[in-house]
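Okay, structure first, notes after.
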Amino acid sequence: MEKKTAAVKMRNITKAFGPVLANDKVWLDIYRGEILALLGENGSGKTTLMNMLSGIYFPDEGEITIDGKEVVIRSPKDALNLGIGMIHQHFKLVDVLTATENIILGLEGKGRLDLKAASAKIREICDKYGFDVDPDMKIYEMSVSQKQTVEIVKVLYRGADILILDEPTAVLTPQETDKLFAVLRNMRDAGKAIVIITHKMHEVEELSDRVAVLRHGQFIGDMLTKDTNAQEMTNMMIGRPVELNIERPEPVDPKPRIEVKDLTVRSIDGVIKLDNVSFTANSGEILGIAGISGCGQKELLEAIAGLQPTESGSISYITDSGEREELLGKDPLAIADMGVTLSFVPEDRLGMGLVGNMDLSDNMMLRSFRRGRSLLTDRKGPRKLAQTVVDELDVSTPSISTPVRKLSGGNVQKVLVGREIASAPTVLLTAYAVRGLDINSSYTIYDLINRQKKSGVAVIYVGEDLDVLLELCDRILVLCGGKVSGIVPGRGAKKRDVGMMMTKLGGNKADE
Amino acid sequence: MFDIVSFFPRAVMQGIPLLFGSTGEIITEKSGNLNLGIPGVMYVGGICGVIGAFMYEQSVPSPADMNGFLAVAIPVLSCLLGSLIMGLIYCFLTVTLRANQNVTGLALTTFGIGIGNFFGGSLIKLTGSEVPSIALSATSGYFSKSLPFAKDLGWFGTMFLDYGFLAYAAIIIAFVSAYIIKKTRVGLNLRAVGESPTTADAAGINVNRYKYVATCVGSMIAGLGGLYYVMDYACGVWSNDAFGDRGWLAIALVIFTIWRPNVSVLASILFGGLYILYLFIPTGTHLYMKELYKMLPYVVTIIVLIVVSLKKSRSNEPPASLGLAYFREER
Amino acid sequence: MNNAKQGPLVHIVKRGALPRWKAWGIRLIAIVAALIVCAVVTMVVTGEDPIQVYATMIDGAFGTTRKAWNLAQSTAMLLGVSLAVTPAFRMRFWNIGGEGQVLAGCLAAAACMICLADKMSNGLLIAVTAAASIAAGAVWAGIPAFFKAKWNTNETLFTLMMNYVATQLVAFFVIVWEVPKGAGKIGIINQATQLGWLPPIGGNKYLLNVIVILVLTVGLYVYLNYSKHGYELSVVGESERTARYVGIKVDRVIIRTMLLSGAICGVVGFLLVSGTDHTVTTTIAGGRGFTAVMVSWLAKFNPIFMVLTSLLLAFLDKGAGAISTNFGLNHSFADILSGIILFFIIGCEFFISYKLSFRKSAKKEADTNV
């Protein structure tokens, strides 16, 4: 492998966004017939670096050579002409168009569209590498994994032989991930150069041939995967040795807190999102919710929080003294008026939990602005709370009057979680609490959640990373297509079994 | 009692400027630009045609010396040029400088109506006429020339064949636009730009170029609506503010037709009919009732807006990025 | 020379927040540039020297006490409508129906003055007139708000169409109430008795209008920035989902805010009819509903800055009007000048949010490669 000449050489690449140096004189080589894992924490500049290769950004300084020739990549079109295709984390697909239309988008050719010929060529590519995609399906009808397939087919259709995938597994089930990896290996064996951006160590070990590490926008080093191990890579990423275990204290005196019975929810289009879901969440315990994305997790949390119209069933809140109160059919305000302090950290932080254009203290006010009889708002309280959150959770921000959209993902999440736990809740709902967060921030969040658990809060944790769910949660409820596939204890459950339950009701047991 | 044979042609003639306007705006909106400047653009299209025609009429000794081709080509070209400039102003501000589309559009409308009325007023002054309008009947004669045998074909001829060439041009342009948007590569790219410029950009489509071209072509088509109004409908008579609110109705038609120019052909005629219906409803001595009937096109538009919003469907949605500026390096 | 080696010649970069004085400096430069362009345009059209032209403008706007008061009245009325549309804009509700809402207020005021003049005392009549105008404006804005809140009906076109419905309604009543029959206009209402007329303060018929609008300005500033309602509507404007998440009733906020918008338009309508014009016509709102959108946006939806931006636009209108009369141009010239100035101000926002960076070595490379 050392003998090969690099397909892509990036030299001294520098890119700044305002005062932030996203890439600082980065070097990187990419070879054909090899899978390179580009490793780094969030904000380390991996995506920025690859965006410059694919023409989204233009570097401030530095050179790029492809097959020994110096090139300038001004636009994604230039990149494609050089055979570089990138599959972005947020899919670049037009929802109202079909797979075929998306795939041929922007290609040159005769004026009239020939969708039939294009579909035929797409089927050919699918057969070659083992993809499964319906060319005439509209994107908005597709699952996440189908959309990703369309993205990959799209760059192959354009003849790309240098493929970049930005955190491709973040949204996939273990089974889908296995399928993707098989396809990627096929492509590598066909002589394509593949880069995957990730921060998941086990994927690097399982898939890649070589690994390159970035930290704070700087290139730290690269090596063959077989010559290194998870701990060494993590240390390189973080810059110091890190403990990789999540704490899991035994629940103290768990008592039923939320009891959900036969809950059924339909979406506006009439599709069943939750089908007769029943379970109990206990105080002082973390109940994990696992499932393929979009199989009812969002609806479940929003139904409990009073944000989702429901069809039938009941959601009871059980007080310490054992009294039951019905939450179903009440809006967030009515639930709060009953004296139930229910906190909710939603998946969409800046679109739902916080207001991006408002500053920290105004965001703190979201929960408290109604207090008091005055027609005017109280600004002192929220300002104090903002300062407390900043100090206690170590939020890095220029000041509490900075709009939250200017903060990094981890800091945004700290602000949101900080506000939600400030009201001393008895129930804490979290959706994908660590999505997009780097390792340090993730551990801060796990720690905060554990602290809530220890103080007797019933925590419901919706997660996507099965490894984390298995390490953090006391019990795990697995959803499959809106139904409860099973509830397993967090201690001792096998990742593979949970993965099976996610794709099939009851998992393996159903076969027996 | 209702005289459909005389009503229908008038409805069509009222509808044609709306059809030009809505086709132009649909093409513009498909690229993600919401051009609220269309009413102004149509004024400019009209006045530029008038200026062109006026200069030509002045340059020949008598109307009998006019060359038919030039009499048509000069106003059409000046109209297209004027509307193109309006489209360029809008694009420069909203695409290159990423300004707020609503505000830019409204300013463009103020500006365009100002241009129309100012030059209209100046020309009127130049001609030294008694009435506050300017008549270009010779040029208009060429624009409203219909097929010679149309009149001989009875009601059929009157209803379908007795229009000036721009009316047929409007219908052809609408169908061609519908075909291009739906069936061609350019149309697919255009739709992608309006739905998701990031995606289009990543696919190698030059987003800004599409926005510019679509908006400018849209403006030019809309401008023809103004030209048709003066030269054919109004028989070559320009008077200030006569064009009225047709530009806004054209924008409303875009939603009414759910962004489909072919549907707009019928919808425009329907709206044209509503616009003049008050002339055909007998009111007896209660003349003031006519003022209430004049509300019809607006009330119907409102009802349509409500009905469209009631039935939500994925394919009835406006282009997803409509009204938003695009910046590739947005973080 | 190898072109492929070079990056793009001009590169656009988003900037961090500019200090406020710099941002206003850029806007000032834009206005100056716009005035220069306007001067050139005017010179080409009139052949007059630009200084003369601007002198005419200033004279036309501030020249005499009467002119200055006229300007104050125009500014106040424009500011009033701009204040009205601002809460809706903060909520991202594109209300371009200020025109219709003012007309509705005007019509209600005229109706009260015509129909109720001989039925009650003057004081009560004025109170009833005010209440009716405010209610009419609020209803006119409330209708599109209701449909927006319930079914997300497109508010831009809805409010726009409501303008024309209001215009036709006024046209209808103008004929119903015309004096004398066949005149096609209402004429001054209660000219002899002055019933329902707002009393002039210290002999000045515009002063009261100006005071009312200034009080509204301060009131709205406090409402938007310090009240719970103001906070709620900002949250709704930023993100409806966030608003629902914290238990804000979005539909209620939309309707409430638009009722406020309409009510302020109603006040303006009342001031126009009872305070100054004492009649109603289809053009009494004078396109302020549209100009207000620009006033409000230019001031970044801040009521205090709106005093300045409405003064600027009212000044342009009066000044350009003076140019038109003095140099024998028609009044539409004012619209052209306003348009040009607006384009500059709209365009200059780009230079506040972004900066252009030119390729560093572009010039050097070009030199060595020639």
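Please note that chains go A, B, ... in the order of the structure tokens, that every chain numbers its residues from 1, and that ligands are numbered from 1 in the order shown.
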Polymer residues at most 7 Å from stretch 290-293 of chain C, only C-alpha atoms, same-chain spacing of 6 or more positions, as a PyMOL selection string: chain C and resi 78+81-82+96
Selected residues, C-alpha atoms, written as a PDB file, in the first residue's frame, please.
```
ATOM      1  CA  LEU C  78     -46.909  56.955   7.530  1.00  0.00           C
ATOM      2  CA  VAL C  81     -49.277  52.585   9.521  1.00  0.00           C
ATOM      3  CA  SER C  82     -45.684  51.418   9.893  1.00  0.00           C
ATOM      4  CA  ILE C  96     -49.244  44.081   3.314  1.00  0.00           C
TER       5      ILE C  96
END
```
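Within 6 Å of chain A, and counting only C-alpha atoms, chain B contributes Lys183, Thr184, Arg185, Asn189, Thr199, Ala202, Ala203, Gly204 and Ile205 of chain B.
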Neighbours of chain C in chain A at 6 Å, counting only C-alpha atoms, as a PyMOL selection string: chain A and resi 72+332-333+352-353+375-377
Selected residues written out with C-alpha atoms, as a compact mmCIF listing (two decimals), in the first residue's frame:
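Contents of again11.txt, freshly written:
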```txt
# COMPACT_ATOMS: atom_id res chain seq x y z
CA VAL A 72 -8.52 24.31 -8.26
CA PRO A 332 -47.85 21.80 28.08
CA LEU A 333 -49.37 24.72 29.92
CA MET A 352 -37.87 23.53 18.97
CA GLY A 353 -36.02 23.66 22.26
CA LEU A 375 -47.79 42.56 31.87
CA LEU A 376 -44.08 43.13 31.46
CA THR A 377 -41.47 40.38 31.50
```
Point-to-point distance in Å for atom CA of A:Ser408 and atom CA of A:Lys15: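 A separation of 17.4 Å between them.
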Exercise answer, chain C residues close to chain B, 6 Å and only C-alpha atoms, as a PyMOL selection string: chain C and resi 151+153+158+161+165+168+172+175+332-333+335-336+339+347+350
All residues 6 Å or closer to stretch 208-219 of chain C, only C-alpha atoms, same chain fewer than 3 positions away omitted, as a PyMOL selection string: chain C and resi 76+80+222+303
Computed interatomic separation between atom CA of B:Met220 and atom CA of B:Gly24 (Å):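 Interatomic distance here is 7.3 Å.
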Distance in Å - atom CA of B:Ala325 versus atom CA of B:Glu195: 12.2 Å
Where does DSSP see strand (DSSP E or B) in stretch 27-242 of chain A, if you list the residues as a PDB file with N, CA and C atoms, in the first residue's frame?
```pdb
ATOM      1  N   TRP A  27      -2.622  18.621   6.135  1.00  0.00           N
ATOM      2  CA  TRP A  27      -2.106  17.746   5.082  1.00  0.00           C
ATOM      3  C   TRP A  27      -2.953  16.487   5.068  1.00  0.00           C
ATOM      4  N   LEU A  28      -3.260  15.979   3.868  1.00  0.00           N
ATOM      5  CA  LEU A  28      -3.988  14.718   3.838  1.00  0.00           C
ATOM      6  C   LEU A  28      -3.748  14.034   2.498  1.00  0.00           C
ATOM      7  N   ASP A  29      -3.520  12.697   2.540  1.00  0.00           N
ATOM      8  CA  ASP A  29      -3.391  11.913   1.314  1.00  0.00           C
ATOM      9  C   ASP A  29      -4.512  10.883   1.258  1.00  0.00           C
ATOM     10  N   ILE A  30      -5.079  10.708   0.074  1.00  0.00           N
ATOM     11  CA  ILE A  30      -6.140   9.714  -0.111  1.00  0.00           C
ATOM     12  C   ILE A  30      -5.718   8.783  -1.244  1.00  0.00           C
ATOM     13  N   GLU A  34      -8.665   1.928  -1.204  1.00  0.00           N
ATOM     14  CA  GLU A  34      -8.429   1.993   0.232  1.00  0.00           C
ATOM     15  C   GLU A  34      -9.577   2.757   0.894  1.00  0.00           C
ATOM     16  N   ILE A  35      -9.948   2.346   2.090  1.00  0.00           N
ATOM     17  CA  ILE A  35     -10.955   3.118   2.824  1.00  0.00           C
ATOM     18  C   ILE A  35     -10.237   3.894   3.922  1.00  0.00           C
ATOM     19  N   LEU A  36     -10.348   5.217   3.838  1.00  0.00           N
ATOM     20  CA  LEU A  36      -9.683   6.067   4.828  1.00  0.00           C
ATOM     21  C   LEU A  36     -10.734   6.576   5.808  1.00  0.00           C
ATOM     22  N   ALA A  37     -10.469   6.406   7.087  1.00  0.00           N
ATOM     23  CA  ALA A  37     -11.375   6.975   8.087  1.00  0.00           C
ATOM     24  C   ALA A  37     -10.779   8.293   8.548  1.00  0.00           C
ATOM     25  N   LEU A  38     -11.577   9.362   8.404  1.00  0.00           N
ATOM     26  CA  LEU A  38     -11.128  10.671   8.860  1.00  0.00           C
ATOM     27  C   LEU A  38     -11.761  10.889  10.224  1.00  0.00           C
ATOM     28  N   LEU A  39     -10.903  10.904  11.229  1.00  0.00           N
ATOM     29  CA  LEU A  39     -11.386  10.832  12.596  1.00  0.00           C
ATOM     30  C   LEU A  39     -11.163  12.166  13.292  1.00  0.00           C
ATOM     31  N   GLU A  61      -6.148  29.105   1.908  1.00  0.00           N
ATOM     32  CA  GLU A  61      -4.769  28.862   1.488  1.00  0.00           C
ATOM     33  C   GLU A  61      -4.577  27.378   1.233  1.00  0.00           C
ATOM     34  N   GLY A  62      -3.513  27.029   0.529  1.00  0.00           N
ATOM     35  CA  GLY A  62      -3.155  25.634   0.366  1.00  0.00           C
ATOM     36  C   GLY A  62      -3.389  25.113  -1.036  1.00  0.00           C
ATOM     37  N   GLU A  63      -2.822  23.898  -1.310  1.00  0.00           N
ATOM     38  CA  GLU A  63      -2.961  23.314  -2.638  1.00  0.00           C
ATOM     39  C   GLU A  63      -3.616  21.943  -2.555  1.00  0.00           C
ATOM     40  N   ILE A  64      -4.309  21.615  -3.627  1.00  0.00           N
ATOM     41  CA  ILE A  64      -4.875  20.278  -3.769  1.00  0.00           C
ATOM     42  C   ILE A  64      -4.353  19.699  -5.082  1.00  0.00           C
ATOM     43  N   THR A  65      -3.837  18.475  -5.049  1.00  0.00           N
ATOM     44  CA  THR A  65      -3.461  17.830  -6.302  1.00  0.00           C
ATOM     45  C   THR A  65      -4.238  16.538  -6.445  1.00  0.00           C
ATOM     46  N   ILE A  66      -4.684  16.261  -7.668  1.00  0.00           N
ATOM     47  CA  ILE A  66      -5.387  15.013  -7.972  1.00  0.00           C
ATOM     48  C   ILE A  66      -4.536  14.275  -8.983  1.00  0.00           C
ATOM     49  N   LYS A  69      -1.676  16.163 -10.396  1.00  0.00           N
ATOM     50  CA  LYS A  69      -1.869  17.445 -11.067  1.00  0.00           C
ATOM     51  C   LYS A  69      -2.500  18.446 -10.108  1.00  0.00           C
ATOM     52  N   GLU A  70      -1.942  19.642 -10.076  1.00  0.00           N
ATOM     53  CA  GLU A  70      -2.518  20.622  -9.172  1.00  0.00           C
ATOM     54  C   GLU A  70      -3.861  21.101  -9.732  1.00  0.00           C
ATOM     55  N   VAL A  71      -4.889  21.175  -8.874  1.00  0.00           N
ATOM     56  CA  VAL A  71      -6.213  21.558  -9.351  1.00  0.00           C
ATOM     57  C   VAL A  71      -6.795  22.655  -8.465  1.00  0.00           C
ATOM     58  N   ILE A  84     -14.720  13.470  -7.874  1.00  0.00           N
ATOM     59  CA  ILE A  84     -14.922  13.502  -6.421  1.00  0.00           C
ATOM     60  C   ILE A  84     -16.400  13.665  -6.119  1.00  0.00           C
ATOM     61  N   GLY A  85     -16.958  12.746  -5.333  1.00  0.00           N
ATOM     62  CA  GLY A  85     -18.360  12.859  -4.962  1.00  0.00           C
ATOM     63  C   GLY A  85     -18.497  12.764  -3.456  1.00  0.00           C
ATOM     64  N   MET A  86     -19.352  13.615  -2.888  1.00  0.00           N
ATOM     65  CA  MET A  86     -19.480  13.593  -1.429  1.00  0.00           C
ATOM     66  C   MET A  86     -20.917  13.286  -1.029  1.00  0.00           C
ATOM     67  N   ILE A  87     -21.081  12.435  -0.053  1.00  0.00           N
ATOM     68  CA  ILE A  87     -22.408  12.153   0.492  1.00  0.00           C
ATOM     69  C   ILE A  87     -22.484  12.868   1.836  1.00  0.00           C
ATOM     70  N   THR A  98     -38.364  12.489  -7.700  1.00  0.00           N
ATOM     71  CA  THR A  98     -38.121  11.051  -7.553  1.00  0.00           C
ATOM     72  C   THR A  98     -36.630  10.787  -7.448  1.00  0.00           C
ATOM     73  N   ARG A 112     -34.554  17.306 -23.674  1.00  0.00           N
ATOM     74  CA  ARG A 112     -35.684  16.576 -23.151  1.00  0.00           C
ATOM     75  C   ARG A 112     -35.204  15.509 -22.177  1.00  0.00           C
ATOM     76  N   LYS A 138     -40.658   8.848  -4.757  1.00  0.00           N
ATOM     77  CA  LYS A 138     -40.360  10.224  -4.352  1.00  0.00           C
ATOM     78  C   LYS A 138     -39.527  10.201  -3.073  1.00  0.00           C
ATOM     79  N   ILE A 162     -13.751   8.895  -6.328  1.00  0.00           N
ATOM     80  CA  ILE A 162     -13.292   9.276  -4.990  1.00  0.00           C
ATOM     81  C   ILE A 162     -14.539   9.633  -4.206  1.00  0.00           C
ATOM     82  N   LEU A 163     -14.921   8.787  -3.272  1.00  0.00           N
ATOM     83  CA  LEU A 163     -16.176   9.006  -2.535  1.00  0.00           C
ATOM     84  C   LEU A 163     -15.916   9.446  -1.114  1.00  0.00           C
ATOM     85  N   ILE A 164     -16.639  10.471  -0.700  1.00  0.00           N
ATOM     86  CA  ILE A 164     -16.500  10.942   0.672  1.00  0.00           C
ATOM     87  C   ILE A 164     -17.850  10.763   1.355  1.00  0.00           C
ATOM     88  N   LEU A 165     -17.875  10.109   2.505  1.00  0.00           N
ATOM     89  CA  LEU A 165     -19.130   9.930   3.229  1.00  0.00           C
ATOM     90  C   LEU A 165     -19.024  10.594   4.594  1.00  0.00           C
ATOM     91  N   ASP A 166     -19.906  11.546   4.860  1.00  0.00           N
ATOM     92  CA  ASP A 166     -19.859  12.285   6.121  1.00  0.00           C
ATOM     93  C   ASP A 166     -20.782  11.635   7.144  1.00  0.00           C
ATOM     94  N   ALA A 193     -11.483   5.187  -4.327  1.00  0.00           N
ATOM     95  CA  ALA A 193     -10.945   5.740  -3.087  1.00  0.00           C
ATOM     96  C   ALA A 193     -12.126   6.169  -2.230  1.00  0.00           C
ATOM     97  N   ILE A 194     -12.133   5.757  -0.963  1.00  0.00           N
ATOM     98  CA  ILE A 194     -13.281   6.061  -0.107  1.00  0.00           C
ATOM     99  C   ILE A 194     -12.816   6.709   1.187  1.00  0.00           C
ATOM    100  N   VAL A 195     -13.476   7.817   1.535  1.00  0.00           N
ATOM    101  CA  VAL A 195     -13.181   8.473   2.807  1.00  0.00           C
ATOM    102  C   VAL A 195     -14.450   8.443   3.623  1.00  0.00           C
ATOM    103  N   ILE A 196     -14.379   7.960   4.873  1.00  0.00           N
ATOM    104  CA  ILE A 196     -15.540   8.142   5.706  1.00  0.00           C
ATOM    105  C   ILE A 196     -15.179   8.997   6.927  1.00  0.00           C
ATOM    106  N   ILE A 197     -16.041   9.986   7.147  1.00  0.00           N
ATOM    107  CA  ILE A 197     -15.848  10.877   8.282  1.00  0.00           C
ATOM    108  C   ILE A 197     -16.626  10.293   9.445  1.00  0.00           C
ATOM    109  N   THR A 198     -16.003  10.141  10.576  1.00  0.00           N
ATOM    110  CA  THR A 198     -16.722   9.528  11.695  1.00  0.00           C
ATOM    111  C   THR A 198     -16.051   9.890  13.006  1.00  0.00           C
ATOM    112  N   ARG A 210      -7.013   2.720   6.658  1.00  0.00           N
ATOM    113  CA  ARG A 210      -6.076   3.700   7.169  1.00  0.00           C
ATOM    114  C   ARG A 210      -6.900   4.739   7.922  1.00  0.00           C
ATOM    115  N   VAL A 211      -6.275   5.407   8.871  1.00  0.00           N
ATOM    116  CA  VAL A 211      -7.021   6.401   9.631  1.00  0.00           C
ATOM    117  C   VAL A 211      -6.201   7.684   9.743  1.00  0.00           C
ATOM    118  N   ALA A 212      -6.867   8.820   9.584  1.00  0.00           N
ATOM    119  CA  ALA A 212      -6.204  10.107   9.760  1.00  0.00           C
ATOM    120  C   ALA A 212      -6.966  10.874  10.838  1.00  0.00           C
ATOM    121  N   VAL A 213      -6.251  11.551  11.699  1.00  0.00           N
ATOM    122  CA  VAL A 213      -6.891  12.203  12.839  1.00  0.00           C
ATOM    123  C   VAL A 213      -6.712  13.717  12.765  1.00  0.00           C
ATOM    124  N   LEU A 214      -7.798  14.435  12.972  1.00  0.00           N
ATOM    125  CA  LEU A 214      -7.749  15.897  13.077  1.00  0.00           C
ATOM    126  C   LEU A 214      -8.136  16.294  14.490  1.00  0.00           C
ATOM    127  N   ARG A 215      -7.554  17.384  14.950  1.00  0.00           N
ATOM    128  CA  ARG A 215      -7.949  17.932  16.251  1.00  0.00           C
ATOM    129  C   ARG A 215      -7.856  19.449  16.183  1.00  0.00           C
ATOM    130  N   GLN A 218      -6.378  20.957  13.200  1.00  0.00           N
ATOM    131  CA  GLN A 218      -5.020  20.609  12.807  1.00  0.00           C
ATOM    132  C   GLN A 218      -4.883  19.124  12.527  1.00  0.00           C
ATOM    133  N   PHE A 219      -3.989  18.802  11.606  1.00  0.00           N
ATOM    134  CA  PHE A 219      -3.734  17.413  11.277  1.00  0.00           C
ATOM    135  C   PHE A 219      -2.807  16.838  12.333  1.00  0.00           C
ATOM    136  N   ILE A 220      -3.261  15.746  12.981  1.00  0.00           N
ATOM    137  CA  ILE A 220      -2.460  15.176  14.067  1.00  0.00           C
ATOM    138  C   ILE A 220      -1.586  14.040  13.570  1.00  0.00           C
ATOM    139  N   GLY A 221      -2.134  13.228  12.626  1.00  0.00           N
ATOM    140  CA  GLY A 221      -1.313  12.155  12.099  1.00  0.00           C
ATOM    141  C   GLY A 221      -2.158  11.127  11.393  1.00  0.00           C
ATOM    142  N   ASP A 222      -1.511  10.239  10.627  1.00  0.00           N
ATOM    143  CA  ASP A 222      -2.266   9.128  10.063  1.00  0.00           C
ATOM    144  C   ASP A 222      -1.473   7.842  10.194  1.00  0.00           C
ATOM    145  N   MET A 223      -2.196   6.713  10.192  1.00  0.00           N
ATOM    146  CA  MET A 223      -1.522   5.416  10.338  1.00  0.00           C
ATOM    147  C   MET A 223      -2.426   4.333   9.792  1.00  0.00           C
ATOM    148  N   LEU A 224      -1.885   3.123   9.600  1.00  0.00           N
ATOM    149  CA  LEU A 224      -2.705   2.001   9.156  1.00  0.00           C
ATOM    150  C   LEU A 224      -3.566   1.550  10.329  1.00  0.00           C
TER     151      LEU A 224
END
```
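If you measure from each of C:Pro180, C:Gly203, C:Gly319, C:Gly196 to C:Gly275 using only C-alpha atoms, the closest one turns out to be C:Gly196.
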Long-range neighbours of C:Leu195 as a list in words, 10 Å cut-off, only C-alpha atoms, 4 positions minimum in chain: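 Near C:Leu195, the qualifying residues are Met113, Ile114, Leu116, Ala117, Asp118, Met120, Ser121, Asn122, Gly123, Leu125, Ile126, Ile189, Asn190, Gln191, Ser274 and His278 of chain C.
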Residues from last step as file, N, CA and C atoms, as an mmCIF file, in the first residue's frame:
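Saved result, selection.cif, follows:
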```
data_model
loop_
_atom_site.group_PDB
_atom_site.id
_atom_site.type_symbol
_atom_site.label_atom_id
_atom_site.label_comp_id
_atom_site.auth_asym_id
_atom_site.auth_seq_id
_atom_site.Cartn_x
_atom_site.Cartn_y
_atom_site.Cartn_z
ATOM 1 N N MET C 113 -69.735 59.431 11.471
ATOM 2 C CA MET C 113 -69.930 60.875 11.364
ATOM 3 C C MET C 113 -71.172 61.200 10.541
ATOM 4 N N ILE C 114 -71.452 60.386 9.545
ATOM 5 C CA ILE C 114 -72.614 60.670 8.693
ATOM 6 C C ILE C 114 -73.905 60.214 9.361
ATOM 7 N N LEU C 116 -74.510 59.079 12.620
ATOM 8 C CA LEU C 116 -74.805 59.267 14.044
ATOM 9 C C LEU C 116 -74.730 60.727 14.486
ATOM 10 N N ALA C 117 -74.382 61.635 13.546
ATOM 11 C CA ALA C 117 -74.099 63.010 13.960
ATOM 12 C C ALA C 117 -75.249 63.646 14.742
ATOM 13 N N ASP C 118 -76.486 63.393 14.325
ATOM 14 C CA ASP C 118 -77.589 64.077 14.998
ATOM 15 C C ASP C 118 -78.202 63.236 16.105
ATOM 16 N N MET C 120 -76.392 62.029 18.957
ATOM 17 C CA MET C 120 -75.726 62.060 20.269
ATOM 18 C C MET C 120 -74.877 63.321 20.395
ATOM 19 N N SER C 121 -74.345 63.497 21.597
ATOM 20 C CA SER C 121 -73.528 64.687 21.822
ATOM 21 C C SER C 121 -72.215 64.550 21.050
ATOM 22 N N ASN C 122 -71.558 65.665 20.823
ATOM 23 C CA ASN C 122 -70.350 65.641 20.015
ATOM 24 C C ASN C 122 -69.250 64.790 20.652
ATOM 25 N N GLY C 123 -69.093 64.934 21.960
ATOM 26 C CA GLY C 123 -68.066 64.181 22.668
ATOM 27 C C GLY C 123 -68.276 62.686 22.504
ATOM 28 N N LEU C 125 -70.002 61.251 20.215
ATOM 29 C CA LEU C 125 -69.842 60.902 18.806
ATOM 30 C C LEU C 125 -68.377 60.615 18.483
ATOM 31 N N ILE C 126 -67.506 61.491 18.983
ATOM 32 C CA ILE C 126 -66.077 61.284 18.710
ATOM 33 C C ILE C 126 -65.609 59.967 19.316
ATOM 34 N N ILE C 189 -67.623 66.156 5.337
ATOM 35 C CA ILE C 189 -68.737 65.688 6.150
ATOM 36 C C ILE C 189 -68.997 66.679 7.290
ATOM 37 N N ASN C 190 -70.254 66.991 7.532
ATOM 38 C CA ASN C 190 -70.655 67.905 8.620
ATOM 39 C C ASN C 190 -69.893 69.228 8.568
ATOM 40 N N GLN C 191 -69.748 69.768 7.360
ATOM 41 C CA GLN C 191 -68.936 70.982 7.219
ATOM 42 C C GLN C 191 -69.462 72.116 8.088
ATOM 43 N N SER C 274 -61.500 61.862 10.969
ATOM 44 C CA SER C 274 -62.014 62.801 11.971
ATOM 45 C C SER C 274 -61.057 63.959 12.199
ATOM 46 N N HIS C 278 -61.798 64.906 7.016
ATOM 47 C CA HIS C 278 -63.250 65.043 7.189
ATOM 48 C C HIS C 278 -64.022 64.549 5.977
#
```
Pick from A:Ile73, A:Ile258, A:Leu470, A:Met187, whichever lies nearest to A:Cys126 using only C-alpha atoms: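 Closest residue, counting only C-alpha atoms: A:Met187.
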Nearby residues (only C-alpha atoms) at most 12 Å from A:Ser321, same-chain spacing under 6 positions excluded, as a ChimeraX atom specification: /A:255-257
For the residues selected in the previous step, produce a file with N, CA and C atoms as an mmCIF file, in the first residue's frame.
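Output file out_15.cif follows:
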```cif
data_model
loop_
_atom_site.group_PDB
_atom_site.id
_atom_site.type_symbol
_atom_site.label_atom_id
_atom_site.label_comp_id
_atom_site.auth_asym_id
_atom_site.auth_seq_id
_atom_site.Cartn_x
_atom_site.Cartn_y
_atom_site.Cartn_z
ATOM 1 N N LYS A 255 -39.928 3.829 41.782
ATOM 2 C CA LYS A 255 -41.388 3.758 41.919
ATOM 3 C C LYS A 255 -42.002 4.163 40.580
ATOM 4 N N PRO A 256 -43.123 3.572 40.190
ATOM 5 C CA PRO A 256 -43.730 3.979 38.926
ATOM 6 C C PRO A 256 -44.022 5.482 38.925
ATOM 7 N N ARG A 257 -43.666 6.156 37.836
ATOM 8 C CA ARG A 257 -43.880 7.602 37.787
ATOM 9 C C ARG A 257 -44.806 7.952 36.609
#
```
Helix (DSSP H, G or I) per DSSP on the backbone: members of stretch 304-452 of chain A, as a PyMOL selection string: chain A and resi 304-305+332-337+349-353+360-368+380-392+404-406+409-422+439-452
For A:Asp362: contacts at 9 Å, only C-alpha atoms, fewer than 3 positions along chain excluded, given as a ChimeraX atom specification: /A:355,358-359,365-366,379,382-383,386,401 /C:231
All residues 12 Å or closer to B:Ile47, only C-alpha atoms, same chain fewer than 4 positions away omitted, as number ranges by chain: B: 40-43, 51-54, 75-76, 78-83, 112-124, 134, 136, 223-231, 236-243
